[in-house]
Amino acid sequence: MYLNINRKIVMFMELLVPAGDINSFYAALNNGADAIYLSGKMFGARSYAKNFTDDELKTVLKLGKIYGVKIYVTMNTLVKENEVEDFLKEVEFLYSLGVDAILMQDFGMISLCLEKYPNLTIHASTQVNSSSYETIKLLYEMGVKRVVLPREMSVDEIKKIDIPIEIEVFIHGALCVSYSGNCLFSSMLGGRSGNRGECVGSCRLPYKLYKDKTLIDEGYLLSMKELNTSLDIKKLPSNITSLKIEGRMKSPSYVGFITKYYRKILDNDELTTKDLEDLKSMFYRGFTKGHLFNDDDLINKKSPNHLGSHLGKVIDVNDERIRIELDRPLLQGDGIRFRESNKGMIVNFLYDLKDNLINKGNPKQIVEVDNKVKLTSLDEVRKTTDKSLEITDFTITRKVPINIEVKAKVGEEFTLSFSDLSHTVTYTGNVVEKSINNPISKERLISQLEKLGNTPFVSKHINIDMDEDIFIRIGDLNVARRTLSERLIGERLNDYKEPIIKEITFEKIKNAKKTVDFSNKSVI
């Protein structure tokens, strides 16, 4: 959906960001995520991410409500019969905390949970592989709120989905070489299934391709480039609800940067050359627009690793030092990789040509680093981590804008109201008296009410209806402001549907049958 305000196109698609741990959550929260998806310790399709403890889940679900950020929890692995009870316990735990949605792959669990928890919001994970019109229609008719489309679908195919179900698509991050939810490569090769959240990335290994015993190709033949649709976002169709970034295995610094990067695009701010280079510094296997935009350039046969952004070139090397001519800044503590040799290192010590230790090298400057990797040849240098982009402070800086209304008339009770988009709370104080010696000014009143400090709120607009020469105690104003802040937090925390849990026997589930007409074999 798009809105034209003063000739400025603003997109209203949800920006959905990954969080593999609590610090990544804070990074996403602070940098403009509309929604965050994450996992508990069980049933998530990224079992090797740090993920969230029960206490952390309580924390993030509370903060999501306070700051207006939706929290989706992934429980999107296939579930064994002896795990059903534990699965339902986890669902009920999240349900009771007011989770905004749970992502599921297992069709049996989707059916069971829709029956047992009537007002629980369920999203069909990309692992469901909902690439046909009939599958999406079936999910909608069952009561699934949203379908996460597989990465293999194109914009033209997505446009044809006229079903009134929310649609979520991946716009950035790692790509799978196989169809979502249908890959058995890891389980067959290494005994660890991607459908159980344990994919070992078999497609990132080197392979040789033979035809009639003749070697015809070799390299990382199945290693996909990184999806990057940032320059084409506004070409996406309006029936898309949510824009999803992959990356629950990525660092908090990556999550913070990529959230800010796409927030900038969606808010119609211009990307700079530095933004584009920094994006490569954060993670880069080569970029592709993917199947979404029918890009045929999908595979990077040369390397499955993070390549980084261009930094400069090696102009001299010996056993002790590597001499580099810089095209971009280099900081002490940055990570670098030499392109052809594929050797990488952290720059612990950085020297100028006078052998002085420095903490920064500038473009066009020649610097030296220790030859820790035994480099022997001249090579391109690429930056793989950027110290300046590292996030170390995870204090919450996000604020919720509110409107403040004041009425202060002589002989009437003082009233103060705080309003966000959905809630209004009002404080009624003492009868306002006329001042004898020390009237409060409108400016002082505004200054005092804007002192929202460590609360989640910031004043967007203040409307004051007051008489002149009135007396109001500053202490009373402070009490009113603090009271309303606490009340508004409470209103936001309580803004979710009360869970409904129906008693269902497993016999009823076993005997339940749903008839599906697959006579129309067409796919999107």
# chains A, B, ... in the order shown; residues from 1 in each chain; ligands from 1
>>> select_by_dssp(residues="range 202-299 of chain A", states="alpha helix (DSSP H)", output="list of chain:residue names")
A:Pro252, A:Ser253, A:Tyr254, A:Val255, A:Gly256, A:Phe257, A:Ile258, A:Thr259, A:Lys260, A:Tyr261, A:Tyr262, A:Arg263, A:Lys264, A:Ile265, A:Leu266, A:Thr273, A:Lys274, A:Asp275, A:Leu276, A:Glu277, A:Asp278, A:Leu279, A:Lys280, A:Ser281, A:Met282
>>> residues_around(residues="Val155 in chain A", least_positions_apart="6", cutoff="8 Å", atoms="only C-alpha atoms", output="short mmCIF file (atom, residue, chain, number, x, y, z; two decimals) with all heavy atoms, in the first residue's frame")
data_model
loop_
_atom_site.label_atom_id
_atom_site.label_comp_id
_atom_site.auth_asym_id
_atom_site.auth_seq_id
_atom_site.Cartn_x
_atom_site.Cartn_y
_atom_site.Cartn_z
N LEU A 236 7.03 -3.75 -5.86
CA LEU A 236 6.27 -4.86 -5.30
C LEU A 236 4.77 -4.56 -5.37
O LEU A 236 4.35 -3.41 -5.20
CB LEU A 236 6.68 -5.11 -3.85
CG LEU A 236 8.10 -5.64 -3.65
CD1 LEU A 236 8.43 -5.70 -2.16
CD2 LEU A 236 8.27 -7.02 -4.28
N PRO A 237 3.94 -5.57 -5.59
CA PRO A 237 2.49 -5.34 -5.70
C PRO A 237 1.86 -4.98 -4.37
O PRO A 237 2.35 -5.34 -3.30
CB PRO A 237 1.97 -6.68 -6.22
CG PRO A 237 2.99 -7.69 -5.83
CD PRO A 237 4.31 -6.97 -5.85
N LEU A 292 12.05 -13.50 -7.12
CA LEU A 292 11.02 -12.48 -6.95
C LEU A 292 10.96 -11.56 -8.17
O LEU A 292 9.88 -11.20 -8.64
CB LEU A 292 11.32 -11.68 -5.68
CG LEU A 292 10.22 -10.75 -5.16
CD1 LEU A 292 8.97 -11.51 -4.79
CD2 LEU A 292 10.73 -9.96 -3.95
N PHE A 293 12.14 -11.19 -8.67
CA PHE A 293 12.22 -10.31 -9.84
C PHE A 293 12.83 -11.03 -11.06
O PHE A 293 13.41 -10.40 -11.94
CB PHE A 293 13.00 -9.05 -9.51
CG PHE A 293 12.27 -8.12 -8.58
CD1 PHE A 293 12.58 -8.08 -7.22
CD2 PHE A 293 11.25 -7.31 -9.05
CE1 PHE A 293 11.90 -7.22 -6.36
CE2 PHE A 293 10.55 -6.46 -8.20
CZ PHE A 293 10.87 -6.41 -6.85
#
>>> residues_around(residues="Val144 in chain A", least_positions_apart="6", cutoff="8 Å", atoms="only C-alpha atoms", output="ChimeraX atom specification")
/A:114,121-124,165
>>> residues_around(residues="Glu491 in chain A", least_positions_apart="5", cutoff="12 Å", atoms="only C-alpha atoms", output="VMD selection string")
chain A and resid 62 65 to 68 418 to 426 484 to 486 496
>>> residues_around(residues="range 27-37 of chain A", least_positions_apart="4", cutoff="7 Å", atoms="only C-alpha atoms", output="list in words")
Glu14, Leu15, Leu16, Val17, Pro18, Ala19, Asn23, Val69, Lys70, Ile71, Tyr72, Val73, Thr74, Pro252, Val255, Gly256, Thr259, Lys260, Arg263, Phe394, Ile396, Thr397 and Arg398 of chain A
>>> atom_distance(atom1="CA of Asn454 in chain A", atom2="CA of Thr59 in chain A")
17.2 Å
>>> closest_residue(among="A:Leu97, A:Leu138, A:Val128, A:Met282", to="Asn182 in chain A", atoms="only C-alpha atoms")
A:Val128
>>> residues_around(residues="Met75 in chain A", least_positions_apart="6", cutoff="10 Å", atoms="only C-alpha atoms", output="VMD selection string")
chain A and resid 38 to 46 87 90 to 91 102 to 106 109 125 197
>>> write_last_selection(atoms="all heavy atoms", output="compact mmCIF listing (two decimals), in the first residue's frame")
# COMPACT_ATOMS: atom_id res chain seq x y z
N LEU A 38 11.07 -14.19 15.98
CA LEU A 38 12.08 -14.82 16.83
C LEU A 38 11.57 -16.18 17.28
O LEU A 38 10.47 -16.59 16.91
CB LEU A 38 12.39 -13.91 18.02
CG LEU A 38 11.19 -13.30 18.77
CD1 LEU A 38 10.68 -14.23 19.86
CD2 LEU A 38 11.53 -11.95 19.36
N SER A 39 12.38 -16.87 18.07
CA SER A 39 12.02 -18.22 18.47
C SER A 39 12.37 -18.48 19.92
O SER A 39 13.31 -17.89 20.46
CB SER A 39 12.74 -19.24 17.58
OG SER A 39 12.43 -20.57 17.97
N GLY A 40 11.60 -19.38 20.54
CA GLY A 40 11.99 -19.91 21.83
C GLY A 40 13.04 -20.99 21.65
O GLY A 40 13.63 -21.14 20.57
N LYS A 41 13.29 -21.74 22.68
CA LYS A 41 14.35 -22.75 22.62
C LYS A 41 13.93 -24.03 21.88
O LYS A 41 14.77 -24.86 21.57
CB LYS A 41 14.77 -23.12 24.05
CG LYS A 41 15.45 -21.98 24.81
CD LYS A 41 16.78 -21.59 24.19
CE LYS A 41 17.51 -20.55 25.03
NZ LYS A 41 18.81 -20.16 24.44
N MET A 42 12.63 -24.16 21.59
CA MET A 42 12.16 -25.37 20.90
C MET A 42 11.31 -25.01 19.69
O MET A 42 10.67 -23.96 19.66
CB MET A 42 11.31 -26.23 21.85
CG MET A 42 12.04 -26.74 23.08
SD MET A 42 11.03 -27.93 24.01
CE MET A 42 9.62 -26.92 24.47
N PHE A 43 11.34 -25.88 18.71
CA PHE A 43 10.43 -25.88 17.56
C PHE A 43 10.66 -24.75 16.56
O PHE A 43 9.86 -24.55 15.65
CB PHE A 43 8.96 -25.84 18.03
CG PHE A 43 8.59 -26.95 18.96
CD1 PHE A 43 8.28 -26.70 20.30
CD2 PHE A 43 8.58 -28.26 18.52
CE1 PHE A 43 7.94 -27.72 21.16
CE2 PHE A 43 8.24 -29.30 19.37
CZ PHE A 43 7.93 -29.04 20.70
N GLY A 44 11.75 -24.00 16.68
CA GLY A 44 12.05 -22.98 15.69
C GLY A 44 12.98 -23.52 14.62
O GLY A 44 13.82 -24.39 14.88
N ALA A 45 12.86 -23.00 13.40
CA ALA A 45 13.62 -23.54 12.27
C ALA A 45 15.05 -23.02 12.19
O ALA A 45 15.71 -23.15 11.17
CB ALA A 45 12.89 -23.23 10.97
N ARG A 46 15.53 -22.41 13.28
CA ARG A 46 16.94 -22.01 13.38
C ARG A 46 17.45 -22.47 14.75
O ARG A 46 17.69 -21.68 15.65
CB ARG A 46 17.09 -20.49 13.25
CG ARG A 46 16.85 -19.95 11.85
CD ARG A 46 17.94 -20.38 10.87
NE ARG A 46 17.74 -19.77 9.55
CZ ARG A 46 17.01 -20.29 8.59
NH1 ARG A 46 16.39 -21.43 8.79
NH2 ARG A 46 16.89 -19.69 7.42
N PHE A 87 4.59 -29.16 22.43
CA PHE A 87 4.28 -28.12 21.45
C PHE A 87 3.10 -27.28 21.93
O PHE A 87 3.14 -26.05 21.92
CB PHE A 87 3.98 -28.76 20.10
CG PHE A 87 3.82 -27.78 18.96
CD1 PHE A 87 4.90 -27.40 18.19
CD2 PHE A 87 2.57 -27.24 18.66
CE1 PHE A 87 4.75 -26.50 17.14
CE2 PHE A 87 2.41 -26.34 17.62
CZ PHE A 87 3.51 -25.97 16.86
N GLU A 90 3.90 -24.96 24.82
CA GLU A 90 4.61 -23.75 24.37
C GLU A 90 3.64 -22.77 23.71
O GLU A 90 3.72 -21.55 23.92
CB GLU A 90 5.73 -24.14 23.40
CG GLU A 90 6.60 -22.98 22.94
CD GLU A 90 7.55 -22.48 24.01
OE1 GLU A 90 7.59 -23.05 25.12
OE2 GLU A 90 8.26 -21.48 23.73
N VAL A 91 2.72 -23.29 22.91
CA VAL A 91 1.72 -22.43 22.27
C VAL A 91 0.89 -21.71 23.33
O VAL A 91 0.67 -20.49 23.25
CB VAL A 91 0.80 -23.25 21.34
CG1 VAL A 91 -0.41 -22.42 20.89
CG2 VAL A 91 1.57 -23.72 20.12
N ILE A 102 1.91 -16.85 15.76
CA ILE A 102 2.86 -17.96 15.79
C ILE A 102 2.97 -18.51 14.37
O ILE A 102 1.96 -18.76 13.71
CB ILE A 102 2.42 -19.06 16.76
CG1 ILE A 102 2.35 -18.51 18.20
CG2 ILE A 102 3.37 -20.24 16.70
CD1 ILE A 102 1.88 -19.52 19.23
N LEU A 103 4.21 -18.69 13.90
CA LEU A 103 4.45 -19.27 12.58
C LEU A 103 4.57 -20.78 12.71
O LEU A 103 5.30 -21.28 13.56
CB LEU A 103 5.73 -18.72 11.96
CG LEU A 103 5.68 -17.31 11.37
CD1 LEU A 103 5.90 -16.27 12.47
CD2 LEU A 103 6.73 -17.14 10.28
N MET A 104 3.85 -21.50 11.86
CA MET A 104 3.87 -22.96 11.90
C MET A 104 4.07 -23.53 10.50
O MET A 104 3.62 -22.95 9.51
CB MET A 104 2.58 -23.50 12.50
CG MET A 104 2.33 -23.11 13.93
SD MET A 104 0.82 -23.89 14.58
CE MET A 104 0.62 -22.97 16.12
N GLN A 105 4.73 -24.69 10.45
CA GLN A 105 4.87 -25.46 9.21
C GLN A 105 4.01 -26.71 9.24
O GLN A 105 3.40 -27.08 8.24
CB GLN A 105 6.34 -25.89 9.00
CG GLN A 105 6.49 -26.86 7.85
CD GLN A 105 7.85 -27.52 7.75
OE1 GLN A 105 8.14 -28.23 6.81
NE2 GLN A 105 8.72 -27.29 8.73
N ASP A 106 3.97 -27.36 10.38
CA ASP A 106 3.32 -28.67 10.50
C ASP A 106 1.81 -28.53 10.30
O ASP A 106 1.12 -27.89 11.10
CB ASP A 106 3.64 -29.26 11.87
CG ASP A 106 3.27 -30.72 11.98
OD1 ASP A 106 2.07 -31.02 11.88
OD2 ASP A 106 4.18 -31.55 12.16
N MET A 109 -0.36 -29.56 13.22
CA MET A 109 -0.37 -28.62 14.34
C MET A 109 -1.17 -27.36 14.00
O MET A 109 -1.84 -26.79 14.86
CB MET A 109 1.06 -28.24 14.72
CG MET A 109 1.86 -29.37 15.36
SD MET A 109 1.09 -30.03 16.87
CE MET A 109 0.25 -31.48 16.22
N SER A 125 4.14 -20.71 7.78
CA SER A 125 5.56 -20.48 7.49
C SER A 125 5.88 -20.74 6.02
O SER A 125 5.17 -21.47 5.33
CB SER A 125 6.40 -21.40 8.38
OG SER A 125 7.74 -21.46 7.94
N GLY A 197 14.88 -27.69 11.78
CA GLY A 197 15.66 -26.53 12.21
C GLY A 197 17.15 -26.79 12.32
O GLY A 197 17.87 -26.03 12.97
>>> select_by_dssp(residues="range 129-360 of chain A", states="strand (DSSP E or B)", output="MDAnalysis selection string")
chainID A and resid 146:148 166:173 207:211 214:219 224 226:228 242:245 287:288 299 309:317 321:326 330:331 335:338 343:346 350:351 357 360
>>> atom_distance(atom1="CA of Asp465 in chain A", atom2="CA of Val406 in chain A")
6.0 Å
>>> closest_residue(among="A:Arg285, A:Lys264, A:Arg204, A:Arg192", to="Asn228 in chain A", atoms="only C-alpha atoms")
A:Arg285
>>> closest_residue(among="A:Thr392, A:Asp379, A:Gly333, A:Asp327", to="Gln365 in chain A", atoms="only C-alpha atoms")
A:Asp327
>>> atom_distance(atom1="CA of Asp100 in chain A", atom2="CA of Gly173 in chain A")
23.5 Å
>>> closest_residue(among="A:Asp295, A:Asp370, A:Glu405, A:Glu56", to="Asp21 in chain A", atoms="only C-alpha atoms")
A:Glu56
>>> closest_residue(among="A:Gly344, A:Gly312, A:Gly201, A:Pro401", to="Asn371 in chain A", atoms="only C-alpha atoms")
A:Gly344
>>> closest_residue(among="A:Lys460, A:Leu331, A:Arg339, A:Cys203", to="Ile358 in chain A", atoms="only C-alpha atoms")
A:Leu331
